[in-house]
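Asks: Quick one, entry00.cif (mmCIF, C-alpha atoms and all ligand atoms):
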data_start
#
loop_
_atom_site.label_atom_id
_atom_site.label_comp_id
_atom_site.auth_asym_id
_atom_site.auth_seq_id
_atom_site.Cartn_x
_atom_site.Cartn_y
_atom_site.Cartn_z
CA THR A 449 119.78 45.84 54.27
CA VAL A 450 121.30 48.57 52.14
CA GLU A 451 124.25 46.34 51.17
CA GLU A 452 121.78 44.26 49.17
CA TRP A 453 120.19 47.10 47.24
CA PRO A 454 120.59 46.45 43.51
CA HIS A 455 122.41 49.39 42.00
CA LEU A 456 124.63 50.46 39.15
CA TYR A 457 127.92 52.18 39.81
CA HIS A 458 130.31 53.88 37.44
CA ALA A 459 133.36 55.65 38.84
CA GLY A 460 133.72 58.27 36.10
CA THR A 461 136.80 60.42 36.10
CA PRO A 462 138.18 61.39 39.52
CA ALA A 463 137.60 65.15 39.25
CA THR A 464 133.89 64.68 38.53
CA PRO A 465 131.03 64.44 41.00
CA VAL A 466 129.11 61.22 41.51
CA LEU A 467 125.49 61.59 40.47
CA LEU A 468 123.06 59.70 42.69
CA LEU A 469 120.33 58.77 40.22
CA LEU A 470 116.84 58.27 41.68
CA HIS A 471 114.19 57.07 39.25
CA GLY A 472 110.45 57.76 39.32
CA THR A 473 107.59 55.44 40.23
CA GLY A 474 107.70 52.22 38.21
CA GLY A 475 111.25 52.87 37.06
CA THR A 476 114.52 51.03 37.45
CA GLU A 477 118.16 51.86 38.09
CA HIS A 478 118.66 52.09 34.31
CA ASP A 479 116.18 54.89 33.63
CA LEU A 480 118.26 57.98 34.34
CA LEU A 481 121.55 56.90 32.73
CA PRO A 482 120.86 58.82 29.49
CA LEU A 483 119.92 61.88 31.54
CA ALA A 484 123.15 61.61 33.57
CA GLU A 485 125.20 61.61 30.40
CA ARG A 486 123.49 64.85 29.30
CA LEU A 487 123.82 66.50 32.71
CA ALA A 488 127.46 65.75 33.40
CA PRO A 489 129.23 63.85 30.61
CA GLY A 490 131.86 61.51 32.01
CA ALA A 491 130.79 61.96 35.62
CA GLY A 492 130.45 59.07 38.01
CA TYR A 493 127.07 57.70 38.95
CA LEU A 494 125.46 55.60 41.60
CA SER A 495 122.02 54.38 40.62
CA PRO A 496 120.02 52.26 43.06
CA ARG A 497 116.61 50.69 42.53
CA GLY A 498 113.75 51.92 44.69
CA PRO A 499 113.22 49.34 47.48
CA VAL A 500 109.46 49.79 47.90
CA GLN A 501 106.91 47.95 45.74
CA GLU A 502 103.53 49.37 44.79
CA GLN A 503 101.64 46.87 42.64
CA GLY A 504 104.89 45.75 41.09
CA MET A 505 106.24 49.28 40.62
CA ASN A 506 109.49 50.30 42.27
CA ARG A 507 109.28 53.35 44.50
CA TRP A 508 111.23 55.02 47.30
CA PHE A 509 108.49 55.24 49.95
CA ARG A 510 104.88 54.26 50.47
CA ARG A 511 101.87 56.40 49.72
CA PHE A 512 98.18 56.09 50.51
CA GLY A 513 97.21 57.60 47.16
CA GLU A 514 98.58 59.98 44.57
CA GLY A 515 100.14 62.89 46.44
CA GLN A 516 99.10 61.32 49.80
CA PHE A 517 102.44 60.33 51.23
CA ASP A 518 102.92 57.97 54.17
CA VAL A 519 105.18 60.46 55.92
CA ASP A 520 106.34 57.98 58.58
CA ASP A 521 107.53 55.78 55.73
CA VAL A 522 109.13 58.77 53.97
CA VAL A 523 111.15 59.45 57.13
CA ARG A 524 112.11 55.80 57.55
CA ARG A 525 113.07 55.27 53.90
CA THR A 526 114.99 58.51 53.86
CA GLY A 527 117.08 57.11 56.72
CA GLU A 528 117.68 53.96 54.67
CA LEU A 529 118.75 55.94 51.62
CA ALA A 530 121.12 57.96 53.81
CA GLY A 531 122.50 54.62 55.03
CA PHE A 532 122.92 53.42 51.45
CA ILE A 533 124.80 56.59 50.52
CA GLY A 534 127.16 56.13 53.47
CA TRP A 535 127.66 52.47 52.65
CA ALA A 536 128.29 53.22 48.96
CA ARG A 537 130.77 55.98 49.79
CA GLU A 538 132.81 53.40 51.76
CA HIS A 539 132.25 50.41 49.50
CA HIS A 540 133.08 52.21 46.26
CA GLY A 541 135.89 54.24 47.82
CA LEU A 542 134.36 57.62 46.97
CA GLY A 543 136.42 59.44 49.59
CA ASP A 544 135.24 63.02 49.71
CA ARG A 545 133.92 63.22 46.13
CA ARG A 546 130.81 65.34 45.89
CA ILE A 547 127.59 63.34 45.56
CA ILE A 548 124.82 65.18 43.73
CA ALA A 549 121.39 63.55 43.75
CA VAL A 550 119.41 63.74 40.52
CA GLY A 551 115.83 62.63 41.04
CA PHE A 552 112.70 62.52 38.97
CA SER A 553 109.21 62.57 40.51
CA ASN A 554 109.15 60.05 43.36
CA GLY A 555 112.97 59.96 43.13
CA ALA A 556 113.07 63.75 43.44
CA ASN A 557 110.87 63.53 46.52
CA ILE A 558 113.12 61.03 48.33
CA ALA A 559 116.18 63.10 47.35
CA LEU A 560 114.57 66.23 48.80
CA ALA A 561 113.53 64.42 51.99
CA THR A 562 117.09 63.12 52.39
CA ALA A 563 118.59 66.60 52.04
CA LEU A 564 115.99 67.98 54.48
CA LEU A 565 116.54 65.28 57.12
CA HIS A 566 120.15 64.17 56.55
CA PRO A 567 121.97 67.16 55.04
CA GLU A 568 125.29 65.86 56.36
CA VAL A 569 124.90 62.85 54.03
CA LEU A 570 123.35 64.55 51.00
CA ALA A 571 123.92 68.27 50.44
CA ASP A 572 123.27 68.68 46.70
CA VAL A 573 120.02 67.84 44.93
CA VAL A 574 118.60 68.32 41.44
CA ALA A 575 114.85 67.66 41.64
CA PHE A 576 112.73 67.30 38.50
CA SER A 577 108.98 67.40 39.19
CA GLY A 578 109.47 67.10 42.96
CA MET A 579 107.38 68.59 45.78
CA TYR A 580 107.47 69.08 49.53
CA PRO A 581 107.83 65.49 50.75
CA LEU A 582 107.07 65.71 54.48
CA GLY A 583 103.33 66.37 54.51
CA ASP A 584 102.35 68.67 57.38
CA ARG A 585 105.69 68.26 59.16
CA THR A 586 108.21 71.04 59.25
CA VAL A 587 111.98 70.77 59.55
CA ASP A 588 114.14 72.70 61.96
CA ALA A 589 117.45 71.60 60.47
CA ASP A 590 120.15 74.06 59.50
CA LEU A 591 120.58 73.52 55.76
CA THR A 592 123.38 76.03 55.32
CA GLY A 593 125.85 74.47 52.91
CA THR A 594 123.19 72.55 50.99
CA ALA A 595 122.18 73.49 47.46
CA VAL A 596 119.01 72.46 45.69
CA ALA A 597 117.89 72.98 42.09
CA LEU A 598 114.13 72.64 41.62
CA PHE A 599 112.61 72.19 38.16
CA ASN A 600 108.83 72.06 37.93
CA GLY A 601 105.90 72.52 35.62
CA GLU A 602 103.35 75.09 36.75
CA ALA A 603 100.44 72.75 35.98
CA ASP A 604 101.57 69.43 37.46
CA SER A 605 98.79 67.55 39.24
CA MET A 606 101.35 65.14 40.76
CA ALA A 607 103.53 67.96 42.11
CA PRO A 608 101.09 70.83 42.80
CA LEU A 609 102.48 74.34 42.60
CA ALA A 610 101.46 75.13 46.20
CA SER A 611 103.64 72.28 47.45
CA VAL A 612 106.51 73.32 45.17
CA LEU A 613 106.37 76.85 46.58
CA GLN A 614 106.16 75.52 50.15
CA LEU A 615 109.27 73.45 49.43
CA LYS A 616 111.13 76.54 48.25
CA SER A 617 110.17 78.56 51.32
CA VAL A 618 111.11 75.77 53.76
CA LEU A 619 114.50 75.38 52.05
CA ASP A 620 115.07 79.16 51.98
CA ALA A 621 114.17 79.52 55.65
CA ALA A 622 116.58 76.71 56.57
CA GLY A 623 119.47 78.40 54.76
CA SER A 624 119.70 76.20 51.67
CA ASP A 625 120.96 77.73 48.43
CA VAL A 626 117.91 77.25 46.19
CA HIS A 627 117.65 77.62 42.43
CA GLN A 628 114.05 77.34 41.22
CA THR A 629 112.73 77.16 37.68
CA ILE A 630 109.01 76.93 36.98
CA ARG A 631 108.05 76.36 33.36
CA GLU A 632 104.80 75.83 31.50
CA GLY A 633 103.30 72.35 31.44
CA GLY A 634 103.12 69.37 33.75
CA HIS A 635 105.06 66.39 35.03
CA GLY A 636 108.25 65.53 33.19
CA VAL A 637 111.76 66.66 32.30
CA HIS A 638 111.90 69.31 29.58
CA PRO A 639 115.00 69.94 27.44
CA SER A 640 115.37 73.46 28.84
CA GLU A 641 115.48 71.92 32.32
CA VAL A 642 118.23 69.52 31.30
CA ASP A 643 120.28 72.49 30.11
CA GLY A 644 119.54 74.39 33.31
CA ALA A 645 120.45 71.43 35.50
CA ALA A 646 123.66 70.79 33.56
CA ALA A 647 124.70 74.41 34.07
CA TRP A 648 123.80 74.23 37.76
CA ILE A 649 125.81 71.03 38.26
CA GLY A 650 128.72 72.63 36.41
CA SER A 651 128.59 75.59 38.78
CA ARG A 652 128.73 73.26 41.81
CA THR A 653 131.82 71.37 40.71
C1 LIG B 1 105.16 60.53 44.54
O1 LIG B 1 104.43 59.60 44.85
O2 LIG B 1 106.32 60.67 44.95
C2 LIG B 1 104.61 61.51 43.57
O3 LIG B 1 103.24 61.43 43.53
C3 LIG B 1 105.19 61.33 42.22
C4 LIG B 1 105.01 59.94 41.70
O4 LIG B 1 103.91 59.54 41.35
O5 LIG B 1 105.97 59.22 41.64
#
Have the structure of the file written as structure tokens, please.
Ligand code: MLT

Replies:
Amino acid sequence: TVEEWPHLYHAGTPATPVLLLLHGTGGTEHDLLPLAERLAPGAGYLSPRGPVQEQGMNRWFRRFGEGQFDVDDVVRRTGELAGFIGWAREHHGLGDRRIIAVGFSNGANIALATALLHPEVLADVVAFSGMYPLGDRTVDADLTGTAVALFNGEADSMAPLASVLQLKSVLDAAGSDVHQTIREGGHGVHPSEVDGAAAWIGSRT
């Protein structure tokens, strides 16, 4: 159950948001701490470990192959992450502090799926090298009040541009406030994106 998910928590100062840090495939709850400090110095963070194993690598949902998501599992795991967020909000006494997800790669994809399917639980997402996470399914949710910052490389075989553009149009159509930056290069987090994300987070808080 979500109460047993290993995670790191740091309260930060009360006026700051709490960053929900979601690592990439094969990562751990420690990976994004240096990034968090660059994005929002002194902010709180909540950093769980992906509960799915793929040949010993931690992930957030199953896949059949690279880019071939098990969408039923995406939906199920997204519900679990929403449950974890609700549990953590209670357990750590977060009250109504803003929670902003910061995800990389597979972590970006679960963050995006959570905002798409459970916007009442997660309304703010920074996604580095994410893509549309729901395969051929559409969403009919009203995402008014959500805000998503998408940072992608134009030549990323793990997050193809077509899927990135589909993500943007689905979010736009649902009423989300979308900020999109597409840079040269492939999978990863570039320094210019860290600056852009820090500014975006600053504008949300
Ligand atoms: C995914 O599986 O979410 C994407 O292919 C990115 C990754 O490899 O983690």

Asks: Please indicate the distance in Å from atom CA of A:Asp604 to atom CA of A:Pro639, rounded to one decimal place.

Replies: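 Atom CA of A:Pro639 lies 16.8 Å from atom CA of A:Asp604.
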
Asks: In terms of the shortest atom-to-atom distance over all atoms listed in the file, which of A:Ala597, A:Met606, A:Ala459, A:Ile558 is closest to A:Gly543?

Replies: A:Ala459

Asks: Quick one: residues within 7 Å of stretch 609-622 of chain A, only C-alpha atoms, excluding same-chain residues fewer than 2 positions away - as a ChimeraX atom specification?

Replies: /A:579-580,589-592,602,607,624,626

Asks: Find the residues around stretch 506-518 of chain A up to 10 Å (all atoms listed in the file counted), leave out those fewer than 3 positions away in its own chain, and share them as a ChimeraX atom specification.

Replies: /A:470-477,497-503,521-526,528-529,554-559,579,581-583,605-608

Asks: Rounded to one decimal, what separation in Å do you get between atom CA of A:Glu641 and atom CA of A:Gly534?

Replies: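 These atoms are spaced 28.9 Å apart.
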
Asks: Using all atoms listed in the file, determine which residues lie at most 9 Å from A:Phe532, disregarding the query and same-chain residues fewer than 6 positions distant; provide the list as number ranges by chain.

Replies: A: 449-451, 453, 496

Asks: Hey, what's within 8 Å of A:Val642 if we count all atoms listed in the file and toss same-chain stuff fewer than 6 positions away? As an MDAnalysis selection string, please?

Replies: chainID A and resid 483 486:487

Asks: Would you please work out which residue, of A:Gly541, A:Gly460, A:Gly633, A:Gly551, is nearest to ligand LIG 1 (chain B) when using all atoms listed in the file?

Replies: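 For ligand LIG 1 (chain B), the nearest of the given residues is A:Gly551.
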
Asks: List every protein, DNA or RNA residue that has an atom no more than 10 Å from (118.7, 73.0, 32.9) in the file's coordinate frame, counting only C-alpha atoms, and report them as number ranges by chain.

Replies: A: 487, 574, 576, 597-599, 629, 637-649

Asks: Using atom CA of A:Ala536 and atom CA of A:Ser553 as the two end points, give the distance in Å to one decimal.

Replies: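 Separation of atom CA of A:Ala536 and atom CA of A:Ser553: 22.9 Å.
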
Asks: Compare A:Ala595, A:Ala491, A:Val519, A:Ala484 by their minimum atom-to-atom distance to ligand LIG 1 (chain B), counting only C-alpha atoms and all ligand atoms, and give me the closest one.

Replies: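 Among A:Ala595, A:Ala491, A:Val519, A:Ala484, it is A:Val519 that comes nearest to ligand LIG 1 (chain B).
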
Asks: Applying 6 Å and all atoms listed in the file, which residues near A:Val573 remain after dropping the ones on its own chain fewer than 6 positions away? List them as a VMD selection string.

Replies: chain A and resid 548 to 549 596

Asks: Choose the residue, out of A:His455, A:His635, A:Arg652, A:Arg537, that has the smallest atom-to-atom separation from ligand LIG 1 (chain B); count only C-alpha atoms and all ligand atoms.

Replies: A:His635

Asks: Point out the residue among A:Ile630, A:Leu570, A:Met505, A:Ala530 with the least atom-to-atom distance to ligand LIG 1 (chain B), counting only C-alpha atoms and all ligand atoms.

Replies: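 Ranked by minimum distance to ligand LIG 1 (chain B), first place goes to A:Met505.
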
Asks: Between A:Ala561, A:Gly593, A:His627, A:Val466, single out the one closest to A:Asp520, counting all atoms listed in the file.

Replies: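 Ranked by minimum distance to A:Asp520, first place goes to A:Ala561.
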